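Data first, discussion second: the structure below is written as structure tokens.
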Amino acid sequence: QSTGKSTLLNTMYGSQFPVSSGRCTKGVFIQLLPLNNELRSTLQCDFVLIMDSEGLRSPELADQFEHDNEIATFITCLANTTILNFWGQTFSKDMSEIVQIAAHAFIRMD
């Protein structure tokens, strides 16, 4: 929670996801970004879909893993690339569980 995921995406892709000092994103926000002509030619598409999700393991949903699993599955199944942001945190048991949730979602795609 509050690791700067939206700010990171805004900086990397020029998206305009809402940001604040506390928890901001609930659920999944999606933006369709148009590509310039050079990238259109290279990637052979006109747009890129950027998704920003709420952080997993929210204190408000302490023991409700189903919500985290649904978000991780949705994002992972639609994405070509998934960015996990552990900014400013040591890799703890909670972080390990988040990686497992994302990996499990990826495996469920088959």
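Chain lettering (A, B, ...) mirrors the order of the structure tokens, residue numbering begins at 1 for each chain separately, and ligand numbering begins at 1 in order of display.
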Could you pull out the residues in range 8-72 of chain A that DSSP calls strand (DSSP E or B) from the backbone, as a CSV table (one decimal) with N, CA, C and O atoms, in the first residue's frame?
```
chain,number,residue,atom,x,y,z
A,28,VAL,N,-9.2,-1.5,-10.0
A,28,VAL,CA,-8.3,-1.4,-11.1
A,28,VAL,C,-8.6,-0.2,-12.0
A,28,VAL,O,-9.8,0.0,-12.4
A,29,PHE,N,-7.7,0.7,-12.2
A,29,PHE,CA,-7.9,1.9,-13.1
A,29,PHE,C,-7.2,1.5,-14.5
A,29,PHE,O,-6.1,0.9,-14.5
A,30,ILE,N,-7.8,1.9,-15.6
A,30,ILE,CA,-7.3,1.6,-16.9
A,30,ILE,C,-7.2,2.8,-17.7
A,30,ILE,O,-8.2,3.6,-17.7
A,31,GLN,N,-6.1,3.0,-18.5
A,31,GLN,CA,-6.0,4.1,-19.4
A,31,GLN,C,-5.5,3.6,-20.8
A,31,GLN,O,-4.6,2.7,-20.8
A,32,LEU,N,-6.0,4.1,-21.8
A,32,LEU,CA,-5.6,3.7,-23.2
A,32,LEU,C,-4.8,4.9,-23.7
A,32,LEU,O,-5.3,6.0,-23.8
A,33,LEU,N,-3.5,4.6,-23.9
A,33,LEU,CA,-2.6,5.7,-24.4
A,33,LEU,C,-2.2,5.5,-25.8
A,33,LEU,O,-1.8,4.5,-26.3
A,34,PRO,N,-2.4,6.6,-26.6
A,34,PRO,CA,-2.1,6.5,-28.0
A,34,PRO,C,-0.6,6.6,-28.2
A,34,PRO,O,0.2,7.2,-27.5
A,47,PHE,N,-2.4,1.8,-29.9
A,47,PHE,CA,-2.6,2.2,-28.5
A,47,PHE,C,-1.9,1.2,-27.5
A,47,PHE,O,-1.7,0.0,-27.9
A,48,VAL,N,-1.6,1.6,-26.3
A,48,VAL,CA,-1.2,0.7,-25.3
A,48,VAL,C,-2.1,0.9,-24.1
A,48,VAL,O,-2.5,2.0,-23.7
A,49,LEU,N,-2.5,-0.2,-23.5
A,49,LEU,CA,-3.4,-0.2,-22.4
A,49,LEU,C,-2.6,-0.3,-21.1
A,49,LEU,O,-1.8,-1.3,-21.0
A,50,ILE,N,-2.7,0.7,-20.2
A,50,ILE,CA,-2.0,0.7,-19.0
A,50,ILE,C,-3.0,0.5,-17.8
A,50,ILE,O,-4.1,1.1,-17.8
A,51,MET,N,-2.7,-0.5,-16.9
A,51,MET,CA,-3.6,-0.8,-15.8
A,51,MET,C,-2.9,-0.5,-14.5
A,51,MET,O,-1.7,-0.9,-14.3
A,52,ASP,N,-3.6,0.1,-13.6
A,52,ASP,CA,-3.1,0.5,-12.3
A,52,ASP,C,-4.0,-0.2,-11.2
A,52,ASP,O,-5.2,0.1,-11.3
A,53,SER,N,-3.5,-1.0,-10.4
A,53,SER,CA,-4.4,-1.7,-9.4
A,53,SER,C,-4.0,-1.2,-8.0
A,53,SER,O,-3.0,-0.7,-7.7
```
Inset, instruction - Mind giving me the straight-line distance from CA of Asn80 in chain A to CA of Ile107 in chain A in Å, one decimal? - result: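 So the two atoms, CA of Asn80 in chain A and CA of Ile107 in chain A, lie 13.9 Å apart.
Interatomic distance, CA of Asp46 in chain A against CA of Thr7 in chain A: 23.8 Å.
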Inset, instruction - Choose the residue, out of A:Phe74, A:Leu35, A:Arg108, A:Asn85, that has the smallest atom-to-atom separation from Leu9 in chain A; count only C-alpha atoms. - result: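 Looking at the shortest contact to Leu9 in chain A, the residue is A:Asn85.
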Legend entry - Atomic separation - CA of Ile83 in chain A relative to CA of Glu97 in chain A, Å: 15.4 Å
Inset, instruction - Return the single residue from A:Gln44, A:Cys77, A:Gly55, A:Phe106 that is closest to Ser6 in chain A, with distances computed using only C-alpha atoms. - result: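 Closest to Ser6 in chain A of all the choices is A:Gly55.
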Inset, instruction - Rank A:Leu84, A:Leu78, A:Val19, A:Ala72 by their smallest atom-to-atom distance to Ala105 in chain A, using only C-alpha atoms, and report the top residue only. - result: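 With only C-alpha atoms as the atom set, the closest residue is A:Ala72.
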